[in-house]
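Text of input.pdb (PDB, C-alpha atoms) as supplied:
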```pdb
ATOM      1  CA  MET U  26      10.342   5.471 -18.513
ATOM      2  CA  ARG U  27       8.125   2.748 -17.004
ATOM      3  CA  LYS U  28       8.745   0.457 -19.995
ATOM      4  CA  LEU U  29      12.472   1.142 -19.792
ATOM      5  CA  ILE U  30      12.521   0.131 -16.124
ATOM      6  CA  ARG U  31      10.574  -3.010 -16.950
ATOM      7  CA  LEU U  32      13.132  -3.930 -19.591
ATOM      8  CA  LEU U  33      16.030  -3.268 -17.237
ATOM      9  CA  LEU U  34      14.419  -5.520 -14.650
ATOM     10  CA  GLY U  35      14.005  -8.244 -17.220
ATOM     11  CA  GLN U  36      10.225  -7.976 -17.165
ATOM     12  CA  THR U  37       9.723  -9.048 -20.773
ATOM     13  CA  LYS U  38       7.316 -11.505 -22.337
ATOM     14  CA  ALA U  39      10.147 -14.014 -22.448
ATOM     15  CA  THR U  40      10.757 -13.971 -18.695
ATOM     16  CA  VAL U  41       7.380 -13.419 -17.014
ATOM     17  CA  PRO U  42       3.962 -15.000 -17.442
ATOM     18  CA  ALA U  43       2.123 -13.302 -20.295
ATOM     19  CA  LEU U  44      -0.976 -12.707 -18.202
ATOM     20  CA  ARG U  45      -1.693 -12.967 -14.495
ATOM     21  CA  THR U  46      -5.202 -13.918 -13.503
ATOM     22  CA  ARG U  47      -7.852 -11.334 -12.698
ATOM     23  CA  THR U  48     -10.090 -12.326  -9.804
ATOM     24  CA  LYS U  49     -13.755 -11.370  -9.593
ATOM     25  CA  LEU U  50     -15.577 -11.887  -6.309
ATOM     26  CA  LEU U  51     -19.348 -12.056  -6.501
ATOM     27  CA  ALA U  52     -19.831 -11.539  -2.777
ATOM     28  CA  THR U  53     -17.793 -10.995   0.401
ATOM     29  CA  ARG U  54     -18.209 -11.680   4.083
ATOM     30  CA  GLY U  55     -18.824  -8.401   5.884
ATOM     31  CA  PRO U  56     -16.877  -5.237   5.070
ATOM     32  CA  ILE U  57     -13.759  -5.145   2.924
ATOM     33  CA  TYR U  58     -10.466  -3.885   4.336
ATOM     34  CA  ALA U  59      -7.713  -2.906   1.892
ATOM     35  CA  ILE U  60      -4.107  -2.737   3.130
ATOM     36  CA  GLY U  61      -1.511  -0.601   1.350
ATOM     37  CA  ASP U  62       2.049  -1.491   0.308
ATOM     38  CA  VAL U  63       3.743  -3.518   3.058
ATOM     39  CA  HIS U  64       7.356  -3.643   1.762
ATOM     40  CA  GLY U  65       8.629  -6.032   4.401
ATOM     41  CA  CYS U  66       7.073  -4.235   7.381
ATOM     42  CA  ILE U  67       5.845  -7.324   9.212
ATOM     43  CA  ASP U  68       5.167  -5.626  12.565
ATOM     44  CA  GLN U  69       2.932  -3.001  10.986
ATOM     45  CA  LEU U  70       1.154  -5.680   8.969
ATOM     46  CA  LEU U  71       0.348  -7.765  12.036
ATOM     47  CA  HIS U  72      -0.811  -4.651  13.878
ATOM     48  CA  ALA U  73      -3.057  -3.707  10.942
ATOM     49  CA  GLU U  74      -4.670  -7.137  10.993
ATOM     50  CA  GLN U  75      -5.171  -6.844  14.735
ATOM     51  CA  ARG U  76      -6.956  -3.505  14.245
ATOM     52  CA  ILE U  77      -9.167  -5.081  11.601
ATOM     53  CA  GLN U  78     -10.105  -7.966  13.877
ATOM     54  CA  GLU U  79     -10.867  -5.602  16.756
ATOM     55  CA  ASP U  80     -13.073  -3.509  14.468
ATOM     56  CA  CYS U  81     -14.934  -6.630  13.349
ATOM     57  CA  GLN U  82     -15.393  -7.865  16.910
ATOM     58  CA  LEU U  83     -16.959  -4.567  17.938
ATOM     59  CA  ARG U  84     -19.606  -5.057  15.262
ATOM     60  CA  ASN U  85     -19.778  -8.860  15.443
ATOM     61  CA  GLN U  86     -18.797  -9.107  11.784
ATOM     62  CA  SER U  87     -16.516 -11.225   9.655
ATOM     63  CA  ALA U  88     -14.324  -9.497   7.083
ATOM     64  CA  THR U  89     -12.528  -9.732   3.762
ATOM     65  CA  VAL U  90      -8.984  -8.337   3.615
ATOM     66  CA  ILE U  91      -7.314  -7.394   0.324
ATOM     67  CA  TYR U  92      -3.580  -6.683   0.270
ATOM     68  CA  LEU U  93      -2.526  -4.330  -2.529
ATOM     69  CA  GLY U  94       0.872  -5.838  -3.340
ATOM     70  CA  ASP U  95       4.541  -4.926  -2.894
ATOM     71  CA  PHE U  96       5.052  -7.328  -0.026
ATOM     72  CA  VAL U  97       8.834  -7.448  -0.483
ATOM     73  CA  ASP U  98      11.859  -5.112  -0.830
ATOM     74  CA  ARG U  99      13.075  -2.070   1.108
ATOM     75  CA  GLY U 100      11.809  -3.099   4.556
ATOM     76  CA  LYS U 101      13.570  -5.662   6.744
ATOM     77  CA  GLY U 102      10.937  -8.396   6.987
ATOM     78  CA  SER U 103      10.084  -9.488   3.443
ATOM     79  CA  ALA U 104      10.539 -13.198   4.209
ATOM     80  CA  ALA U 105       8.328 -12.917   7.301
ATOM     81  CA  VAL U 106       5.628 -11.089   5.330
ATOM     82  CA  LEU U 107       5.530 -13.785   2.641
ATOM     83  CA  GLU U 108       5.553 -16.511   5.289
ATOM     84  CA  HIS U 109       2.599 -14.883   7.029
ATOM     85  CA  LEU U 110       0.534 -14.303   3.898
ATOM     86  CA  SER U 111       1.250 -17.693   2.318
ATOM     87  CA  ARG U 112       0.370 -19.863   5.304
ATOM     88  CA  ARG U 113      -3.003 -21.147   6.477
ATOM     89  CA  HIS U 114      -4.791 -18.994   9.039
ATOM     90  CA  THR U 115      -7.246 -19.967  11.734
ATOM     91  CA  ASP U 116      -8.797 -16.550  12.353
ATOM     92  CA  ASP U 117     -11.990 -15.170  10.780
ATOM     93  CA  LEU U 118     -10.312 -13.004   8.127
ATOM     94  CA  VAL U 119     -10.773 -14.019   4.506
ATOM     95  CA  ARG U 120      -7.562 -12.946   2.753
ATOM     96  CA  PHE U 121      -6.864 -12.026  -0.862
ATOM     97  CA  ALA U 122      -3.816 -10.319  -2.369
ATOM     98  CA  VAL U 123      -2.797  -8.753  -5.670
ATOM     99  CA  CYS U 124       0.649  -8.659  -7.263
ATOM    100  CA  GLY U 125       2.823  -5.558  -7.037
ATOM    101  CA  ASN U 126       5.695  -4.643  -9.328
ATOM    102  CA  HIS U 127       8.256  -5.480  -6.615
ATOM    103  CA  ASP U 128       6.699  -8.916  -6.109
ATOM    104  CA  ASP U 129       6.792  -9.557  -9.850
ATOM    105  CA  ALA U 130      10.457  -8.472 -10.057
ATOM    106  CA  PHE U 131      11.430 -10.712  -7.118
ATOM    107  CA  LEU U 132       9.767 -13.690  -8.772
ATOM    108  CA  ALA U 133      11.641 -13.016 -12.036
ATOM    109  CA  PHE U 134      14.934 -12.896 -10.098
ATOM    110  CA  ILE U 135      14.251 -16.249  -8.422
ATOM    111  CA  ARG U 136      13.088 -17.895 -11.631
ATOM    112  CA  ASP U 137      15.964 -16.991 -13.956
ATOM    113  CA  GLY U 138      17.913 -14.056 -12.521
ATOM    114  CA  ALA U 139      16.210 -11.635 -14.885
ATOM    115  CA  GLY U 140      17.242  -8.007 -14.296
ATOM    116  CA  ALA U 141      19.236  -9.121 -11.259
ATOM    117  CA  GLN U 142      21.411  -6.059 -10.567
ATOM    118  CA  HIS U 143      18.578  -3.645 -11.219
ATOM    119  CA  TRP U 144      16.281  -5.561  -8.859
ATOM    120  CA  LEU U 145      18.967  -5.446  -6.152
ATOM    121  CA  ASP U 146      19.219  -1.664  -6.577
ATOM    122  CA  PHE U 147      15.417  -1.522  -6.632
ATOM    123  CA  GLY U 148      15.167  -2.770  -3.040
ATOM    124  CA  GLY U 149      16.062  -6.424  -3.449
ATOM    125  CA  MET U 150      19.113  -6.296  -1.180
ATOM    126  CA  ALA U 151      16.808  -6.020   1.842
ATOM    127  CA  THR U 152      14.680  -8.924   0.623
ATOM    128  CA  LEU U 153      17.665 -11.255   0.286
ATOM    129  CA  GLN U 154      18.942 -10.134   3.707
ATOM    130  CA  SER U 155      15.600 -11.195   5.199
ATOM    131  CA  TYR U 156      16.368 -14.729   3.935
ATOM    132  CA  GLY U 157      19.838 -14.632   5.483
ATOM    133  CA  ILE U 158      21.725 -13.749   2.289
ATOM    134  CA  ASP U 159      24.231 -10.878   2.294
ATOM    135  CA  ALA U 160      24.162  -9.979  -1.395
ATOM    136  CA  ASP U 161      27.045  -7.502  -1.132
ATOM    137  CA  TYR U 162      29.282 -10.134   0.480
ATOM    138  CA  VAL U 163      28.356 -12.814  -2.051
ATOM    139  CA  LEU U 164      29.041 -10.558  -5.014
ATOM    140  CA  LYS U 165      32.301  -9.238  -3.583
ATOM    141  CA  THR U 166      33.666 -12.678  -2.719
ATOM    142  CA  THR U 167      32.426 -14.640  -5.726
ATOM    143  CA  GLY U 168      31.793 -11.963  -8.327
ATOM    144  CA  SER U 169      28.999 -14.161  -9.574
ATOM    145  CA  MET U 170      25.376 -13.126  -9.930
ATOM    146  CA  LYS U 171      24.592 -16.745 -10.832
ATOM    147  CA  THR U 172      25.827 -17.807  -7.413
ATOM    148  CA  LEU U 173      23.604 -15.215  -5.757
ATOM    149  CA  VAL U 174      20.571 -16.409  -7.709
ATOM    150  CA  ALA U 175      21.353 -20.026  -6.806
ATOM    151  CA  LEU U 176      21.588 -19.121  -3.116
ATOM    152  CA  ALA U 177      18.273 -17.314  -3.310
ATOM    153  CA  ARG U 178      16.602 -20.327  -4.891
ATOM    154  CA  GLU U 179      17.841 -22.496  -2.031
ATOM    155  CA  ALA U 180      16.830 -19.994   0.666
ATOM    156  CA  VAL U 181      13.348 -18.989  -0.510
ATOM    157  CA  PRO U 182      10.766 -21.649   0.421
ATOM    158  CA  GLN U 183       8.679 -23.077  -2.410
ATOM    159  CA  GLN U 184       5.628 -21.968  -0.450
ATOM    160  CA  HIS U 185       6.692 -18.340  -0.958
ATOM    161  CA  VAL U 186       7.384 -18.874  -4.654
ATOM    162  CA  ASP U 187       4.008 -20.549  -5.176
ATOM    163  CA  PHE U 188       2.295 -17.642  -3.409
ATOM    164  CA  LEU U 189       4.003 -15.103  -5.692
ATOM    165  CA  GLN U 190       3.147 -17.127  -8.794
ATOM    166  CA  ARG U 191      -0.537 -17.377  -7.861
ATOM    167  CA  LEU U 192      -1.073 -13.673  -7.191
ATOM    168  CA  PRO U 193      -3.695 -12.147  -9.494
ATOM    169  CA  VAL U 194      -3.070  -8.728 -10.970
ATOM    170  CA  SER U 195      -6.465  -7.390  -9.870
ATOM    171  CA  ILE U 196      -9.523  -8.197  -7.792
ATOM    172  CA  SER U 197     -12.944  -6.780  -8.610
ATOM    173  CA  ILE U 198     -15.925  -6.685  -6.282
ATOM    174  CA  GLY U 199     -19.004  -4.907  -7.582
ATOM    175  CA  ARG U 200     -17.977  -1.389  -8.624
ATOM    176  CA  TYR U 201     -14.617  -1.604  -6.821
ATOM    177  CA  LEU U 202     -11.359  -2.654  -8.461
ATOM    178  CA  PHE U 203      -8.424  -3.495  -6.188
ATOM    179  CA  VAL U 204      -5.095  -3.295  -7.983
ATOM    180  CA  HIS U 205      -1.517  -2.418  -7.109
ATOM    181  CA  ALA U 206      -0.806   0.620  -9.308
ATOM    182  CA  GLY U 207      -3.900   1.571 -11.302
ATOM    183  CA  ILE U 208      -5.250   1.212 -14.824
ATOM    184  CA  ARG U 209      -5.008   2.886 -18.219
ATOM    185  CA  PRO U 210      -7.774   5.560 -18.196
ATOM    186  CA  GLY U 211     -10.796   4.791 -20.335
ATOM    187  CA  LEU U 212      -9.628   1.330 -21.393
ATOM    188  CA  GLU U 213     -11.991  -1.542 -20.634
ATOM    189  CA  LEU U 214     -10.705  -3.860 -17.927
ATOM    190  CA  ASP U 215     -10.401  -6.853 -20.236
ATOM    191  CA  ASN U 216      -7.935  -4.856 -22.336
ATOM    192  CA  GLN U 217      -5.720  -3.649 -19.477
ATOM    193  CA  THR U 218      -2.170  -5.021 -19.374
ATOM    194  CA  ASP U 219      -0.441  -6.537 -16.359
ATOM    195  CA  GLU U 220       2.276  -3.929 -16.806
ATOM    196  CA  ASP U 221      -0.101  -1.009 -16.347
ATOM    197  CA  MET U 222      -1.896  -2.598 -13.404
ATOM    198  CA  MET U 223       1.413  -3.155 -11.591
ATOM    199  CA  TRP U 224       3.391  -0.082 -12.760
ATOM    200  CA  ILE U 225       1.247   2.801 -14.001
ATOM    201  CA  ARG U 226       1.304   6.277 -12.505
ATOM    202  CA  GLU U 227       0.394   8.834 -15.159
ATOM    203  CA  PRO U 228      -2.008   9.404 -16.724
ATOM    204  CA  PHE U 229      -3.986   7.370 -14.167
ATOM    205  CA  LEU U 230      -3.124   9.570 -11.176
ATOM    206  CA  SER U 231      -4.265  12.726 -12.950
ATOM    207  CA  GLU U 232      -7.238  11.393 -14.867
ATOM    208  CA  GLY U 233      -8.522   8.497 -12.763
ATOM    209  CA  PRO U 234      -9.994   5.382 -14.381
ATOM    210  CA  LYS U 235     -12.504   7.135 -16.661
ATOM    211  CA  LEU U 236     -14.721   4.105 -16.152
ATOM    212  CA  PRO U 237     -17.791   3.646 -13.897
ATOM    213  CA  ILE U 238     -15.695   2.057 -11.131
ATOM    214  CA  THR U 239     -13.659   3.057  -8.086
ATOM    215  CA  VAL U 240     -10.051   1.890  -8.189
ATOM    216  CA  ILE U 241      -8.374   1.244  -4.827
ATOM    217  CA  HIS U 242      -4.610   1.143  -5.238
ATOM    218  CA  GLY U 243      -1.163   1.604  -3.742
ATOM    219  CA  HIS U 244       2.193   1.974  -5.581
ATOM    220  CA  THR U 245       2.445   5.777  -5.461
ATOM    221  CA  ILE U 246       3.479   7.057  -2.032
ATOM    222  CA  VAL U 247       1.327   9.809  -0.539
ATOM    223  CA  PRO U 248       1.602  11.498   2.881
ATOM    224  CA  ALA U 249      -2.044  10.626   3.590
ATOM    225  CA  PRO U 250      -4.672   8.578   1.735
ATOM    226  CA  VAL U 251      -5.873  10.284  -1.428
ATOM    227  CA  PHE U 252      -9.547  10.339  -2.440
ATOM    228  CA  ARG U 253     -10.118  11.426  -6.046
ATOM    229  CA  ASP U 254     -12.866  10.896  -8.592
ATOM    230  CA  GLY U 255     -12.754   7.205  -9.340
ATOM    231  CA  ARG U 256      -9.687   6.295  -7.308
ATOM    232  CA  ILE U 257      -8.397   5.973  -3.728
ATOM    233  CA  GLY U 258      -4.633   5.744  -3.136
ATOM    234  CA  ILE U 259      -3.429   4.284   0.158
ATOM    235  CA  ASP U 260       0.342   3.721  -0.123
ATOM    236  CA  THR U 261       1.699   5.803   2.759
ATOM    237  CA  GLY U 262       5.290   4.559   2.413
ATOM    238  CA  CYS U 263       5.353   2.225   5.386
ATOM    239  CA  TYR U 264       9.013   1.217   4.959
ATOM    240  CA  SER U 265      10.117   4.838   5.501
ATOM    241  CA  THR U 266       7.244   6.360   7.521
ATOM    242  CA  GLY U 267       6.105   3.390   9.623
ATOM    243  CA  LEU U 268       2.523   4.139   8.521
ATOM    244  CA  LEU U 269       0.564   1.280   6.979
ATOM    245  CA  THR U 270      -2.875   2.407   5.860
ATOM    246  CA  VAL U 271      -6.032   0.316   6.138
ATOM    247  CA  LEU U 272      -9.081   1.370   4.129
ATOM    248  CA  LYS U 273     -12.489   0.057   5.187
ATOM    249  CA  VAL U 274     -15.052  -0.325   2.419
ATOM    250  CA  THR U 275     -18.744  -0.891   3.167
ATOM    251  CA  PRO U 276     -21.835  -0.565   0.965
ATOM    252  CA  GLU U 277     -22.459   2.799   2.574
ATOM    253  CA  ALA U 278     -19.010   4.451   2.623
ATOM    254  CA  THR U 279     -15.240   4.162   2.686
ATOM    255  CA  ALA U 280     -13.141   5.192   5.676
ATOM    256  CA  ILE U 281      -9.578   4.973   6.993
ATOM    257  CA  LEU U 282      -9.353   2.580   9.923
TER
END
```
This structure in structure tokens:
Amino acid sequence: MRKLIRLLLGQTKATVPALRTRTKLLATRGPIYAIGDVHGCIDQLLHAEQRIQEDCQLRNQSATVIYLGDFVDRGKGSAAVLEHLSRRHTDDLVRFAVCGNHDDAFLAFIRDGAGAQHWLDFGGMATLQSYGIDADYVLKTTGSMKTLVALAREAVPQQHVDFLQRLPVSISIGRYLFVHAGIRPGLELDNQTDEDMMWIREPFLSEGPKLPITVIHGHTIVPAPVFRDGRIGIDTGCYSTGLLTVLKVTPEATAIL
């Protein structure tokens, strides 16, 4: 089913980069804070960052923040989220982000309209609305998906496109792997595909990574953060619940902030 959805969305080797980068950090400043799927929820994102900064100030620490992807679709503020994450910041947070399947699909739509109707049904209507484009109106009045794609290309700043293009598919720090969806159990990281890292559910959710690492991920909505052998899932469905989870990782322990 996952491969079928990818094909419907136009996520083929002909329309997306063959391989996104994988980032490895040798060291970080202070604790690491992972933020679950944002899906256009800009207010919750800004509040989460405020909580992180307050936590750091209490301990006189700097911090690394890793965003687990799916910045767009479904919520109302996708454009604002990308604007916030793609701009320069003057605070003490060191920011990194990984690519989610919704981010990848949005980029494919902007680039060549790949899987256009399926992406719109997938949550893309809300993303275009955040850029001032009423997709329903455009399609009803022009009947042209090409026109809609052209409008999107004009409306989405190049800064946002560049940000989406640069997103790595994973970030590793020591024994922790930060990724949007998960990995194929038991398969060495160098052999993992972008598709699995952005889309996988089973057998990862049931079996875990089956590697000597802890995978911190989003993608699969849970009512509360899930701690299992080898994996921690923190997508609490912010666009529908209003709850955006922040996981704090230190050398000693992990905790929900």
Which residue gives the smallest distance to Leu202 of chain U among U:Lys171, U:Gln184, U:Val240, U:Glu179, with only C-alpha atoms counted?
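Looking at the shortest contact to Leu202 of chain U, the residue is U:Val240.
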Could you name the residues that touch Gly125 of chain U at 7 Å or less, counting all atoms listed in the file, but leaving out those on the same chain fewer than 6 positions away, as a list in words?
Gly94, Asp95, His205 and Met223 of chain U
Under the PyMOL selection byres ((chain U and resi 57) around 7), which residues of this model are included? Write them out as a ChimeraX atom specification.
/U:55-56,58-59,88-90,273-275
Using the chain letters and numbering of this document, enumerate as an mmCIF file with C-alpha atoms, in the frame of the given file the residues selected by the PyMOL selection byres ((chain U and resi 181) around 10).
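Wrote out-v4.cif, looks like this:
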```cif
data_model
loop_
_atom_site.group_PDB
_atom_site.id
_atom_site.type_symbol
_atom_site.label_atom_id
_atom_site.label_comp_id
_atom_site.auth_asym_id
_atom_site.auth_seq_id
_atom_site.Cartn_x
_atom_site.Cartn_y
_atom_site.Cartn_z
ATOM 1 C CA ALA U 104 10.539 -13.198 4.209
ATOM 2 C CA LEU U 107 5.530 -13.785 2.641
ATOM 3 C CA ILE U 135 14.251 -16.249 -8.422
ATOM 4 C CA LEU U 153 17.665 -11.255 0.286
ATOM 5 C CA SER U 155 15.600 -11.195 5.199
ATOM 6 C CA TYR U 156 16.368 -14.729 3.935
ATOM 7 C CA GLY U 157 19.838 -14.632 5.483
ATOM 8 C CA LEU U 176 21.588 -19.121 -3.116
ATOM 9 C CA ALA U 177 18.273 -17.314 -3.310
ATOM 10 C CA ARG U 178 16.602 -20.327 -4.891
ATOM 11 C CA GLU U 179 17.841 -22.496 -2.031
ATOM 12 C CA ALA U 180 16.830 -19.994 0.666
ATOM 13 C CA PRO U 182 10.766 -21.649 0.421
ATOM 14 C CA GLN U 183 8.679 -23.077 -2.410
ATOM 15 C CA GLN U 184 5.628 -21.968 -0.450
ATOM 16 C CA HIS U 185 6.692 -18.340 -0.958
ATOM 17 C CA VAL U 186 7.384 -18.874 -4.654
#
```
Once the PyMOL selection byres ((chain U and resi 60) around 9) has been evaluated on this model, what residues remain selected, and can you format them as a ChimeraX atom specification?
/U:58-59,61-63,70,73,90-94,243,259-260,269-272
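Atom CA of Leu44 of chain U is positioned 11.3 Å from atom CA of Asn216 of chain U.
Among the candidates U:Thr46, U:Ser103, U:Thr172, U:Thr53, the one nearest to Gly148 of chain U when counting only C-alpha atoms is U:Ser103.
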If I take atom CA of Ser265 of chain U and atom CA of Val247 of chain U, how far is one from the other in Å, to one decimal?
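So the answer is 11.8 Å.
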Nearest to Asp117 of chain U among U:Ala52, U:Leu189, U:Cys81, U:Val204, with distances taken over only C-alpha atoms: which residue is it?
U:Cys81
Just give me the gap between atom CA of Tyr264 of chain U and atom CA of Cys66 of chain U in Å, one decimal is fine.
6.3 Å
